[in-house]
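Asker: So here's protein_7.cif, just mmCIF, C-alpha atoms:
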```cif
data_target
loop_
_atom_site.group_PDB
_atom_site.id
_atom_site.type_symbol
_atom_site.label_atom_id
_atom_site.label_comp_id
_atom_site.auth_asym_id
_atom_site.auth_seq_id
_atom_site.Cartn_x
_atom_site.Cartn_y
_atom_site.Cartn_z
ATOM 1 C CA MET A 1 198.589 143.924 41.942
ATOM 2 C CA THR A 2 195.584 141.598 42.031
ATOM 3 C CA ILE A 3 192.710 141.948 44.481
ATOM 4 C CA SER A 4 192.188 138.190 44.366
ATOM 5 C CA SER A 5 193.473 136.362 47.410
ATOM 6 C CA THR A 6 193.238 132.859 45.932
ATOM 7 C CA PRO A 7 196.796 131.506 46.349
ATOM 8 C CA GLU A 8 199.001 130.651 43.415
ATOM 9 C CA GLY A 9 198.595 127.035 42.424
ATOM 10 C CA VAL A 10 194.895 126.928 43.306
ATOM 11 C CA SER A 11 192.742 126.784 40.194
ATOM 12 C CA VAL A 12 189.063 127.727 40.270
ATOM 13 C CA GLU A 13 187.913 125.604 37.350
ATOM 14 C CA PRO A 14 184.774 123.475 37.074
ATOM 15 C CA ARG A 15 185.123 119.718 36.619
ATOM 16 C CA HIS A 16 182.404 118.227 34.465
ATOM 17 C CA LEU A 17 181.817 115.096 36.524
ATOM 18 C CA ARG A 18 178.583 113.148 36.752
ATOM 19 C CA PHE A 19 177.636 110.737 39.512
ATOM 20 C CA ASP A 20 175.361 107.738 39.115
ATOM 21 C CA ILE A 21 174.039 107.518 42.664
ATOM 22 C CA SER A 22 170.371 106.710 42.126
ATOM 23 C CA GLU A 23 170.742 103.149 43.459
ATOM 24 C CA ASP A 24 172.824 104.311 46.430
ATOM 25 C CA LEU A 25 170.121 106.763 47.471
ATOM 26 C CA LYS A 26 167.551 103.986 47.733
ATOM 27 C CA THR A 27 169.534 102.762 50.747
ATOM 28 C CA LEU A 28 170.945 104.075 54.007
ATOM 29 C CA TRP A 29 174.107 104.768 52.031
ATOM 30 C CA HIS A 30 176.240 106.026 54.924
ATOM 31 C CA GLY A 31 177.144 102.803 56.718
ATOM 32 C CA ASN A 32 173.483 101.766 57.014
ATOM 33 C CA ASP A 33 173.169 104.563 59.596
ATOM 34 C CA ALA A 34 169.840 106.415 59.471
ATOM 35 C CA PHE A 35 171.057 109.638 61.086
ATOM 36 C CA ARG A 36 174.299 110.063 59.124
ATOM 37 C CA THR A 37 172.494 109.339 55.871
ATOM 38 C CA ALA A 38 169.686 111.784 56.726
ATOM 39 C CA PHE A 39 172.135 114.511 57.812
ATOM 40 C CA PHE A 40 174.091 114.497 54.540
ATOM 41 C CA ASN A 41 170.884 114.195 52.515
ATOM 42 C CA ALA A 42 169.498 117.182 54.442
ATOM 43 C CA LEU A 43 172.541 119.237 53.450
ATOM 44 C CA SER A 44 172.070 118.239 49.816
ATOM 45 C CA LEU A 45 168.471 119.483 49.821
ATOM 46 C CA GLN A 46 169.717 123.058 50.380
ATOM 47 C CA PHE A 47 172.351 123.080 47.648
ATOM 48 C CA PRO A 48 170.484 123.517 44.324
ATOM 49 C CA ASP A 49 168.611 126.698 45.314
ATOM 50 C CA GLY A 50 171.309 127.884 47.701
ATOM 51 C CA GLU A 51 174.121 127.672 45.182
ATOM 52 C CA GLN A 52 172.012 129.333 42.508
ATOM 53 C CA GLN A 53 171.529 132.226 44.929
ATOM 54 C CA PHE A 54 175.317 132.393 45.458
ATOM 55 C CA ILE A 55 175.742 132.729 41.692
ATOM 56 C CA ASN A 56 173.061 135.431 41.503
ATOM 57 C CA ALA A 57 174.618 137.447 44.340
ATOM 58 C CA VAL A 58 178.104 137.447 42.800
ATOM 59 C CA ARG A 59 176.701 138.321 39.372
ATOM 60 C CA LEU A 60 175.173 141.488 40.842
ATOM 61 C CA TYR A 61 178.726 142.815 41.311
ATOM 62 C CA ARG A 62 180.614 141.057 38.519
ATOM 63 C CA ASP A 63 180.668 144.103 36.224
ATOM 64 C CA GLN A 64 182.335 146.183 38.955
ATOM 65 C CA ILE A 65 185.383 143.902 39.013
ATOM 66 C CA GLU A 66 188.220 144.883 36.674
ATOM 67 C CA ASP A 67 190.989 142.661 38.035
ATOM 68 C CA PRO A 68 191.591 139.918 35.396
ATOM 69 C CA LYS A 69 192.487 137.227 37.939
ATOM 70 C CA LEU A 70 189.386 137.757 40.047
ATOM 71 C CA LYS A 71 187.193 138.031 36.934
ATOM 72 C CA ALA A 72 188.478 134.628 35.779
ATOM 73 C CA GLU A 73 187.838 133.184 39.244
ATOM 74 C CA ILE A 74 184.293 134.541 39.210
ATOM 75 C CA ARG A 75 183.697 132.629 35.959
ATOM 76 C CA GLY A 76 185.154 129.517 37.571
ATOM 77 C CA PHE A 77 183.063 130.032 40.710
ATOM 78 C CA ILE A 78 179.870 130.310 38.672
ATOM 79 C CA GLY A 79 180.782 127.205 36.674
ATOM 80 C CA GLN A 80 181.593 125.150 39.760
ATOM 81 C CA GLU A 81 178.458 126.205 41.626
ATOM 82 C CA ALA A 82 176.265 125.545 38.576
ATOM 83 C CA LEU A 83 177.599 121.982 38.345
ATOM 84 C CA HIS A 84 177.137 121.450 42.088
ATOM 85 C CA SER A 85 173.557 122.629 41.738
ATOM 86 C CA ARG A 86 172.977 120.249 38.820
ATOM 87 C CA GLU A 87 174.407 117.199 40.578
ATOM 88 C CA HIS A 88 172.587 117.868 43.840
ATOM 89 C CA ARG A 89 169.323 118.447 41.977
ATOM 90 C CA SER A 90 169.715 114.965 40.487
ATOM 91 C CA TYR A 91 170.692 113.705 43.951
ATOM 92 C CA ASN A 92 167.540 115.163 45.476
ATOM 93 C CA GLU A 93 165.315 113.821 42.709
ATOM 94 C CA ALA A 94 166.729 110.348 43.351
ATOM 95 C CA LEU A 95 165.764 110.616 47.029
ATOM 96 C CA LYS A 96 162.116 110.383 45.987
ATOM 97 C CA ALA A 97 162.690 106.674 45.339
ATOM 98 C CA ARG A 98 162.817 106.143 49.120
ATOM 99 C CA GLY A 99 159.393 107.730 49.468
ATOM 100 C CA TYR A 100 160.514 111.142 50.727
ATOM 101 C CA ASP A 101 158.239 114.099 49.924
ATOM 102 C CA ILE A 102 161.115 116.090 48.435
ATOM 103 C CA ASP A 103 158.794 118.541 46.675
ATOM 104 C CA ALA A 104 157.353 119.678 50.021
ATOM 105 C CA LEU A 105 160.827 120.082 51.507
ATOM 106 C CA ASP A 106 161.938 122.036 48.433
ATOM 107 C CA ARG A 107 158.947 124.390 48.688
ATOM 108 C CA ARG A 108 159.827 125.175 52.299
ATOM 109 C CA PHE A 109 163.364 126.196 51.373
ATOM 110 C CA GLU A 110 162.368 127.911 48.119
ATOM 111 C CA LYS A 111 160.201 130.379 50.077
ATOM 112 C CA HIS A 112 163.226 131.337 52.147
ATOM 113 C CA MET A 113 165.445 131.734 49.075
ATOM 114 C CA GLU A 114 162.809 133.882 47.344
ATOM 115 C CA TRP A 115 162.938 136.204 50.373
ATOM 116 C CA VAL A 116 166.756 136.261 50.232
ATOM 117 C CA GLY A 117 166.614 137.163 46.527
ATOM 118 C CA LYS A 118 164.620 140.308 47.331
ATOM 119 C CA LEU A 119 167.189 141.688 49.779
ATOM 120 C CA PRO A 120 169.504 144.578 48.791
ATOM 121 C CA PRO A 121 172.514 143.371 46.762
ATOM 122 C CA SER A 122 174.988 144.082 49.585
ATOM 123 C CA ARG A 123 173.039 141.832 51.968
ATOM 124 C CA GLN A 124 172.739 139.097 49.366
ATOM 125 C CA LEU A 125 176.492 139.130 48.819
ATOM 126 C CA ALA A 126 177.171 139.241 52.571
ATOM 127 C CA GLY A 127 174.874 136.238 52.973
ATOM 128 C CA THR A 128 176.741 134.403 50.227
ATOM 129 C CA CYS A 129 180.059 135.060 51.985
ATOM 130 C CA GLY A 130 178.634 133.695 55.237
ATOM 131 C CA ALA A 131 177.160 130.577 53.628
ATOM 132 C CA GLU A 132 180.363 129.980 51.667
ATOM 133 C CA HIS A 133 182.242 130.075 54.964
ATOM 134 C CA TYR A 134 180.092 127.230 56.298
ATOM 135 C CA THR A 135 180.588 125.145 53.157
ATOM 136 C CA ALA A 136 184.351 125.846 53.171
ATOM 137 C CA VAL A 137 184.794 124.810 56.811
ATOM 138 C CA LEU A 138 182.709 121.654 56.347
ATOM 139 C CA ALA A 139 184.614 120.911 53.138
ATOM 140 C CA ASN A 140 187.933 121.201 54.969
ATOM 141 C CA ALA A 141 186.623 118.856 57.661
ATOM 142 C CA ILE A 142 185.515 116.217 55.131
ATOM 143 C CA LEU A 143 188.885 116.368 53.365
ATOM 144 C CA SER A 144 190.832 116.331 56.655
ATOM 145 C CA HIS A 145 188.880 113.470 58.212
ATOM 146 C CA PRO A 146 188.145 110.818 55.585
ATOM 147 C CA GLU A 147 187.121 108.525 58.456
ATOM 148 C CA TRP A 148 183.963 110.615 58.801
ATOM 149 C CA MET A 149 182.810 109.126 55.504
ATOM 150 C CA GLU A 150 183.777 105.556 56.425
ATOM 151 C CA GLY A 151 180.950 103.217 55.524
ATOM 152 C CA ALA A 152 179.649 105.466 52.752
ATOM 153 C CA THR A 153 179.240 103.874 49.347
ATOM 154 C CA PRO A 154 182.181 104.663 47.008
ATOM 155 C CA ALA A 155 180.066 106.793 44.644
ATOM 156 C CA MET A 156 178.625 108.897 47.475
ATOM 157 C CA ALA A 157 182.029 109.346 49.114
ATOM 158 C CA LYS A 158 183.450 110.504 45.781
ATOM 159 C CA LEU A 159 180.606 112.985 45.188
ATOM 160 C CA TRP A 160 181.057 114.591 48.593
ATOM 161 C CA ARG A 161 184.848 114.723 48.164
ATOM 162 C CA TRP A 162 184.511 116.371 44.723
ATOM 163 C CA HIS A 163 182.132 118.965 46.151
ATOM 164 C CA ALA A 164 184.442 119.606 49.117
ATOM 165 C CA ILE A 165 187.466 120.093 46.846
ATOM 166 C CA GLU A 166 185.745 122.711 44.698
ATOM 167 C CA GLU A 167 184.244 124.524 47.688
ATOM 168 C CA THR A 168 187.788 124.814 49.021
ATOM 169 C CA GLU A 169 189.171 126.089 45.715
ATOM 170 C CA HIS A 170 186.673 128.944 45.410
ATOM 171 C CA LYS A 171 186.199 129.721 49.110
ATOM 172 C CA SER A 172 187.500 133.294 48.831
ATOM 173 C CA VAL A 173 185.949 134.382 45.523
ATOM 174 C CA ALA A 174 182.676 135.831 46.865
ATOM 175 C CA PHE A 175 184.594 137.221 49.864
ATOM 176 C CA ASP A 176 187.051 139.067 47.597
ATOM 177 C CA VAL A 177 184.177 140.525 45.584
ATOM 178 C CA TYR A 178 182.487 141.647 48.812
ATOM 179 C CA ARG A 179 185.685 143.179 50.175
ATOM 180 C CA GLU A 180 186.247 145.111 46.941
ATOM 181 C CA CYS A 181 182.666 146.239 46.231
ATOM 182 C CA VAL A 182 181.015 146.496 49.668
ATOM 183 C CA GLY A 183 183.649 146.213 52.376
ATOM 184 C CA ASN A 184 181.278 146.705 55.309
ATOM 185 C CA GLU A 185 182.706 144.568 58.123
ATOM 186 C CA ARG A 186 179.817 145.216 60.504
ATOM 187 C CA LEU A 187 177.290 144.104 57.890
ATOM 188 C CA ARG A 188 179.373 141.006 57.140
ATOM 189 C CA ARG A 189 179.242 139.888 60.798
ATOM 190 C CA ILE A 190 175.571 140.731 61.368
ATOM 191 C CA VAL A 191 174.425 138.891 58.257
ATOM 192 C CA PHE A 192 176.505 135.885 59.333
ATOM 193 C CA LEU A 193 174.307 135.573 62.438
ATOM 194 C CA PHE A 194 171.227 135.241 60.214
ATOM 195 C CA VAL A 195 173.037 132.796 57.929
ATOM 196 C CA THR A 196 173.999 130.704 60.975
ATOM 197 C CA TRP A 197 170.412 130.550 62.213
ATOM 198 C CA ASN A 198 169.021 129.561 58.831
ATOM 199 C CA PHE A 199 171.788 127.065 58.048
ATOM 200 C CA PHE A 200 171.180 125.095 61.239
ATOM 201 C CA LYS A 201 167.413 125.604 61.094
ATOM 202 C CA TYR A 202 166.937 124.097 57.635
ATOM 203 C CA THR A 203 169.520 121.362 58.164
ATOM 204 C CA PHE A 204 167.703 120.337 61.352
ATOM 205 C CA LEU A 205 164.220 120.524 59.815
ATOM 206 C CA ASN A 206 165.272 118.550 56.751
ATOM 207 C CA THR A 207 167.016 115.921 58.866
ATOM 208 C CA CYS A 208 163.882 115.512 61.008
ATOM 209 C CA SER A 209 161.629 115.250 57.940
ATOM 210 C CA LEU A 210 163.811 112.539 56.409
ATOM 211 C CA LEU A 211 164.058 110.606 59.673
ATOM 212 C CA LYS A 212 160.279 110.797 60.057
ATOM 213 C CA ALA A 213 159.820 109.249 56.614
ATOM 214 C CA ASP A 214 162.232 106.466 57.669
ATOM 215 C CA GLY A 215 160.268 105.868 60.881
ATOM 216 C CA LYS A 216 163.278 106.935 62.958
ATOM 217 C CA LEU A 217 162.265 110.390 64.178
ATOM 218 C CA TRP A 218 161.422 109.166 67.689
ATOM 219 C CA SER A 219 164.180 106.564 67.893
ATOM 220 C CA LEU A 220 166.314 107.359 70.952
ATOM 221 C CA ARG A 221 169.160 105.198 69.647
ATOM 222 C CA THR A 222 169.169 107.080 66.335
ATOM 223 C CA TRP A 223 169.389 110.466 68.043
ATOM 224 C CA ILE A 224 172.049 109.391 70.542
ATOM 225 C CA GLY A 225 174.182 108.114 67.667
ATOM 226 C CA GLY A 226 173.495 111.254 65.632
ATOM 227 C CA LEU A 227 174.313 113.687 68.431
ATOM 228 C CA ASN A 228 177.487 111.742 69.128
ATOM 229 C CA PHE A 229 178.442 111.958 65.438
ATOM 230 C CA LEU A 230 177.880 115.736 65.376
ATOM 231 C CA TRP A 231 178.919 116.850 68.863
ATOM 232 C CA GLY A 232 180.563 113.930 70.672
ATOM 233 C CA LYS A 233 182.951 111.520 68.971
ATOM 234 C CA PRO A 234 183.920 112.057 66.177
ATOM 235 C CA GLY A 235 182.086 115.380 66.692
ATOM 236 C CA VAL A 236 181.779 116.703 63.153
ATOM 237 C CA LEU A 237 180.264 120.060 64.139
ATOM 238 C CA ARG A 238 182.139 120.291 67.446
ATOM 239 C CA LYS A 239 185.500 120.132 65.695
ATOM 240 C CA CYS A 240 184.367 122.714 63.130
ATOM 241 C CA LEU A 241 183.120 125.190 65.744
ATOM 242 C CA PRO A 242 186.378 127.185 66.184
ATOM 243 C CA GLU A 243 186.639 127.670 62.408
ATOM 244 C CA PHE A 244 182.963 128.658 62.151
ATOM 245 C CA LEU A 245 183.486 131.320 64.833
ATOM 246 C CA ALA A 246 186.684 132.600 63.187
ATOM 247 C CA TYR A 247 184.417 134.489 60.776
ATOM 248 C CA PHE A 248 183.776 137.060 63.526
ATOM 249 C CA ARG A 249 187.475 137.921 63.872
ATOM 250 C CA LYS A 250 188.646 141.354 62.808
ATOM 251 C CA GLY A 251 190.500 141.047 59.529
ATOM 252 C CA PHE A 252 189.186 137.531 58.887
ATOM 253 C CA HIS A 253 189.846 136.007 55.482
ATOM 254 C CA PRO A 254 188.988 132.478 54.213
ATOM 255 C CA TRP A 255 192.572 131.628 53.227
ATOM 256 C CA GLN A 256 193.798 132.231 56.753
ATOM 257 C CA GLN A 257 192.969 128.540 56.893
ATOM 258 C CA ASP A 258 195.661 127.625 54.378
ATOM 259 C CA ASN A 259 194.794 124.071 53.387
ATOM 260 C CA ARG A 260 196.490 123.967 49.985
ATOM 261 C CA GLU A 261 198.474 120.838 50.849
ATOM 262 C CA LEU A 262 195.268 119.050 51.884
ATOM 263 C CA LEU A 263 193.597 120.214 48.686
ATOM 264 C CA GLU A 264 196.445 118.969 46.502
ATOM 265 C CA ARG A 265 196.480 115.555 48.192
ATOM 266 C CA ASN A 266 192.748 115.074 47.753
ATOM 267 C CA LEU A 267 192.932 116.211 44.129
ATOM 268 C CA ARG A 268 195.557 113.552 43.423
ATOM 269 C CA GLU A 269 193.467 110.888 45.130
ATOM 270 C CA LEU A 270 190.315 111.971 43.298
ATOM 271 C CA ASP A 271 192.169 111.809 39.969
ATOM 272 C CA MET A 272 193.494 108.349 40.848
ATOM 273 C CA THR A 273 189.979 107.175 41.685
ATOM 274 C CA SER A 274 188.642 108.600 38.411
ATOM 275 C CA SER A 275 191.476 106.974 36.455
ATOM 276 C CA ALA A 276 190.876 103.646 38.151
ATOM 277 C CA GLY A 277 187.201 103.834 37.217
ATOM 278 C CA SER A 278 188.073 104.624 33.602
ATOM 279 C CA ILE A 279 190.574 101.733 33.452
ATOM 280 C CA ARG A 280 188.005 99.326 34.896
ATOM 281 C CA PHE A 281 185.419 100.459 32.329
ATOM 282 C CA ALA A 282 187.965 99.976 29.544
ATOM 283 C CA GLU A 283 188.800 96.487 30.832
ATOM 284 C CA ILE A 284 185.116 95.536 30.836
ATOM 285 C CA LEU A 285 184.660 96.944 27.317
ATOM 286 C CA ILE A 286 187.666 94.969 26.006
ATOM 287 C CA ALA A 287 186.362 91.781 27.632
ATOM 288 C CA VAL A 288 182.932 92.255 26.030
ATOM 289 C CA CYS A 289 184.504 92.845 22.616
ATOM 290 C CA LYS A 290 186.616 89.669 22.967
ATOM 291 C CA THR A 291 183.513 87.668 23.919
ATOM 292 C CA VAL A 292 181.611 88.987 20.898
ATOM 293 C CA ARG A 293 184.523 88.160 18.551
ATOM 294 C CA HIS A 294 184.811 84.668 20.027
ATOM 295 C CA LYS A 295 181.126 84.009 19.422
ATOM 296 C CA GLU A 296 181.458 85.253 15.847
#
```
Could you take the file, read its structure, and then write that structure out as structure tokens?
Answerer:
Amino acid sequence: MTISSTPEGVSVEPRHLRFDISEDLKTLWHGNDAFRTAFFNALSLQFPDGEQQFINAVRLYRDQIEDPKLKAEIRGFIGQEALHSREHRSYNEALKARGYDIDALDRRFEKHMEWVGKLPPSRQLAGTCGAEHYTAVLANAILSHPEWMEGATPAMAKLWRWHAIEETEHKSVAFDVYRECVGNERLRRIVFLFVTWNFFKYTFLNTCSLLKADGKLWSLRTWIGGLNFLWGKPGVLRKCLPEFLAYFRKGFHPWQQDNRELLERNLRELDMTSSAGSIRFAEILIAVCKTVRHKE
């Protein structure tokens, strides 16, 4: 009897993908919309240090887990989060090309993460569960509503889909470790309140800093469009709100939102996109070789 609640058919395995998005990040890559671009970039700024903290928190309890299935999923979780951290670190470095003071924004968040790293292990793991809930709900929303990424460059849309897929796959790993090793429901809910405050606080501050650098911080049109995107129509955060709040339910578990079918469909489409890219590269390579032979 396993203590892992990851459903059969869901594999927590890292995919060693790399994304060449440096040119995309020199532009307003999300439909030439300043707010949407800044919002997703603001999320990315939190990922390298945040996901490293998730890894650290789970590692504090890894040796207490004896269940083979959950132990394997912990390895997969660490691998996936490490690759997310790597890709988003490159992402954030590329943002400097637009003139953003990314180092200053990083220092602001690093101070917070240093404080988190000094908390007792149970609070660190509870915080990881809460943050993973936010990433899982947002991931489900991105996969469910591809129209929310309409206008994004193909490379950026693919990066965010890849990240959303893997966040969905491992959404219960830290939670299962917490349930087995800590199991304090009151602590889980209280810490989630702090996670909620900090998640929205740093996303808002980062979005404002990026908009300021773009000269759009005091643009009424930009903010009306942005608030409509988040809370009006399509209402990205508005539509996620019931799932965010589900975390407070007694007996909550991440896989109560059973989105395996959605996950499988997006995995197939991601594989098709990757295959198409590989075929195109091969076609270009063959054409170059033919040209070289012809010249010879």
Asker: Using only C-alpha atoms, which residue out of A:His145, A:Pro121, A:Pro154, A:Leu43 lies closest to Asp20 of chain A?
Answerer: A:Pro154
Asker: Produce a table with one row for each residue of segment 61-151 of chain A that has an atom at most 10 Å from any atom of segment 237-241 of chain A, each row naming the nearest atom pair and its distance in Å at one decimal; use all atoms listed in the file; arrange rows by chain and rising residue number; format as CSV.
Answerer:
```
residue,atom,partner,partner_atom,distance
A:Tyr134,CA,A:Cys240,CA,9.2
A:Val137,CA,A:Cys240,CA,6.7
A:Leu138,CA,A:Cys240,CA,7.1
A:Asn140,CA,A:Cys240,CA,9.0
A:Ala141,CA,A:Cys240,CA,7.1
```
Asker: Kindly resolve the PyMOL selection byres ((chain A and resi 165-167) around 8) on the present coordinates and return the residues as JSON, numbers by chain.
Answerer: {"A": [12, 14, 80, 132, 135, 136, 139, 143, 161, 162, 163, 164, 168, 169, 170, 171, 263, 266, 267]}
Asker: Check what the PyMOL selection byres ((chain A and resi 250) around 12) selects in the file above and give those residues as a list in words.
Answerer: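 Output of the PyMOL selection byres ((chain A and resi 250) around 12): Asn184, Glu185, Arg186, Arg188, Arg189, Leu245, Ala246, Tyr247, Phe248, Arg249, Gly251, Phe252 and His253 of chain A.
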Asker: Put those residues in a file: C-alpha atoms, as a PDB file, in the frame of the given file.
Answerer:
```pdb
ATOM      1  CA  ASN A 184     181.278 146.705  55.309  1.00  0.00           C
ATOM      2  CA  GLU A 185     182.706 144.568  58.123  1.00  0.00           C
ATOM      3  CA  ARG A 186     179.817 145.216  60.504  1.00  0.00           C
ATOM      4  CA  ARG A 188     179.373 141.006  57.140  1.00  0.00           C
ATOM      5  CA  ARG A 189     179.242 139.888  60.798  1.00  0.00           C
ATOM      6  CA  LEU A 245     183.486 131.320  64.833  1.00  0.00           C
ATOM      7  CA  ALA A 246     186.684 132.600  63.187  1.00  0.00           C
ATOM      8  CA  TYR A 247     184.417 134.489  60.776  1.00  0.00           C
ATOM      9  CA  PHE A 248     183.776 137.060  63.526  1.00  0.00           C
ATOM     10  CA  ARG A 249     187.475 137.921  63.872  1.00  0.00           C
ATOM     11  CA  GLY A 251     190.500 141.047  59.529  1.00  0.00           C
ATOM     12  CA  PHE A 252     189.186 137.531  58.887  1.00  0.00           C
ATOM     13  CA  HIS A 253     189.846 136.007  55.482  1.00  0.00           C
TER      14      HIS A 253
END
```
Asker: State, in Å with one decimal place, the distance from atom CA of Tyr100 of chain A to atom CA of Trp218 of chain A.
Answerer: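 Spanning atom CA of Tyr100 of chain A to atom CA of Trp218 of chain A is a straight-line distance of 17.1 Å.
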Asker: Exactly which residues make up the result of the PyMOL selection byres ((chain A and resi 78) around 9) on this file, given as number ranges by chain?
Answerer: A: 14, 52, 54-56, 58-59, 73-77, 79-83
Asker: Nearest to Thr207 of chain A among A:Asn228, A:Trp223, A:Asp67, A:Trp255, with distances taken over only C-alpha atoms: which residue is it?
Answerer: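 That would be A:Trp223, the residue with the smallest distance to Thr207 of chain A.
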Asker: Taking into account only C-alpha atoms, which residue in the set A:Phe19, A:Leu187, A:Met1, A:Gln53 is nearest to Glu110 of chain A?
Answerer: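 Smallest distance to Glu110 of chain A is found for A:Gln53.
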Asker: Which segment 197-221 of chain A residues have any atom within 10 Å of an atom of segment 44-48 of chain A, and for each, what is the nearest pair of atoms with distance in Å to one decimal, counting all atoms listed in the file, rows sorted by chain and number, as CSV?
Answerer:
```
residue,atom,partner,partner_atom,distance
A:Phe199,CA,A:Gln46,CA,8.9
A:Tyr202,CA,A:Gln46,CA,7.8
A:Thr203,CA,A:Gln46,CA,8.0
A:Asn206,CA,A:Leu45,CA,7.7
A:Thr207,CA,A:Leu45,CA,9.8
```
Asker: Which one is closest to Asp258 of chain A: A:Ser172, A:Asn92, A:Ser22, A:Ser209? Count all atoms listed in the file.
Answerer: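 Of all the options, A:Ser172 lies closest to Asp258 of chain A.
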Asker: Around the point (172.6, 109.5, 43.8) in the file's coordinates, collect all residues with an atom within 12 Å, using only C-alpha atoms, and return them as a PyMOL selection string.
Answerer: chain A and resi 18-29+40-41+44+86-98+153-160
Asker: Any chance you can output those residues with C-alpha atoms as a PDB file, in the frame of the given file?
Answerer:
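Saved result, result.pdb, follows:
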```pdb
ATOM      1  CA  ARG A  18     178.583 113.148  36.752  1.00  0.00           C
ATOM      2  CA  PHE A  19     177.636 110.737  39.512  1.00  0.00           C
ATOM      3  CA  ASP A  20     175.361 107.738  39.115  1.00  0.00           C
ATOM      4  CA  ILE A  21     174.039 107.518  42.664  1.00  0.00           C
ATOM      5  CA  SER A  22     170.371 106.710  42.126  1.00  0.00           C
ATOM      6  CA  GLU A  23     170.742 103.149  43.459  1.00  0.00           C
ATOM      7  CA  ASP A  24     172.824 104.311  46.430  1.00  0.00           C
ATOM      8  CA  LEU A  25     170.121 106.763  47.471  1.00  0.00           C
ATOM      9  CA  LYS A  26     167.551 103.986  47.733  1.00  0.00           C
ATOM     10  CA  THR A  27     169.534 102.762  50.747  1.00  0.00           C
ATOM     11  CA  LEU A  28     170.945 104.075  54.007  1.00  0.00           C
ATOM     12  CA  TRP A  29     174.107 104.768  52.031  1.00  0.00           C
ATOM     13  CA  PHE A  40     174.091 114.497  54.540  1.00  0.00           C
ATOM     14  CA  ASN A  41     170.884 114.195  52.515  1.00  0.00           C
ATOM     15  CA  SER A  44     172.070 118.239  49.816  1.00  0.00           C
ATOM     16  CA  ARG A  86     172.977 120.249  38.820  1.00  0.00           C
ATOM     17  CA  GLU A  87     174.407 117.199  40.578  1.00  0.00           C
ATOM     18  CA  HIS A  88     172.587 117.868  43.840  1.00  0.00           C
ATOM     19  CA  ARG A  89     169.323 118.447  41.977  1.00  0.00           C
ATOM     20  CA  SER A  90     169.715 114.965  40.487  1.00  0.00           C
ATOM     21  CA  TYR A  91     170.692 113.705  43.951  1.00  0.00           C
ATOM     22  CA  ASN A  92     167.540 115.163  45.476  1.00  0.00           C
ATOM     23  CA  GLU A  93     165.315 113.821  42.709  1.00  0.00           C
ATOM     24  CA  ALA A  94     166.729 110.348  43.351  1.00  0.00           C
ATOM     25  CA  LEU A  95     165.764 110.616  47.029  1.00  0.00           C
ATOM     26  CA  LYS A  96     162.116 110.383  45.987  1.00  0.00           C
ATOM     27  CA  ALA A  97     162.690 106.674  45.339  1.00  0.00           C
ATOM     28  CA  ARG A  98     162.817 106.143  49.120  1.00  0.00           C
ATOM     29  CA  THR A 153     179.240 103.874  49.347  1.00  0.00           C
ATOM     30  CA  PRO A 154     182.181 104.663  47.008  1.00  0.00           C
ATOM     31  CA  ALA A 155     180.066 106.793  44.644  1.00  0.00           C
ATOM     32  CA  MET A 156     178.625 108.897  47.475  1.00  0.00           C
ATOM     33  CA  ALA A 157     182.029 109.346  49.114  1.00  0.00           C
ATOM     34  CA  LYS A 158     183.450 110.504  45.781  1.00  0.00           C
ATOM     35  CA  LEU A 159     180.606 112.985  45.188  1.00  0.00           C
ATOM     36  CA  TRP A 160     181.057 114.591  48.593  1.00  0.00           C
TER      37      TRP A 160
END
```
Asker: Calculate how many Å separate atom CA of Gly151 of chain A from atom CA of Phe229 of chain A, rounding to one decimal.
Answerer: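 So the answer is 13.5 Å.
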Asker: Can you measure atom CA of Gly9 of chain A to atom CA of His133 of chain A for me? One decimal in Å is fine.
Answerer: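 Taking atom CA of Gly9 of chain A and atom CA of His133 of chain A, their separation equals 20.8 Å.
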Asker: May I have the residues within 9 Å of segment 123-125 of chain A as a list in words, using only C-alpha atoms and disregarding those fewer than 4 positions away in the same chain?
Answerer: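 In the requested format, the answer is Gln53, Phe54, Asn56, Ala57, Val58, Leu60, Tyr61, Val116, Gly117, Lys118, Leu119, Cys129, Gly130, Ala174, Phe175, Val177, Tyr178, Val182, Leu187, Arg188 and Val191 of chain A.
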Asker: With all atoms listed in the file as the atoms that count, which of A:Leu217, A:Pro242, A:Ile3, A:Asp271 lies nearest to Gln257 of chain A?
Answerer: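 Closest residue, counting all atoms listed in the file: A:Pro242.
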Asker: When distances are computed from only C-alpha atoms, which of A:Thr128, A:Gln64, A:Ala38, A:Pro254 shows the smallest separation from Lys212 of chain A?
Answerer: A:Ala38
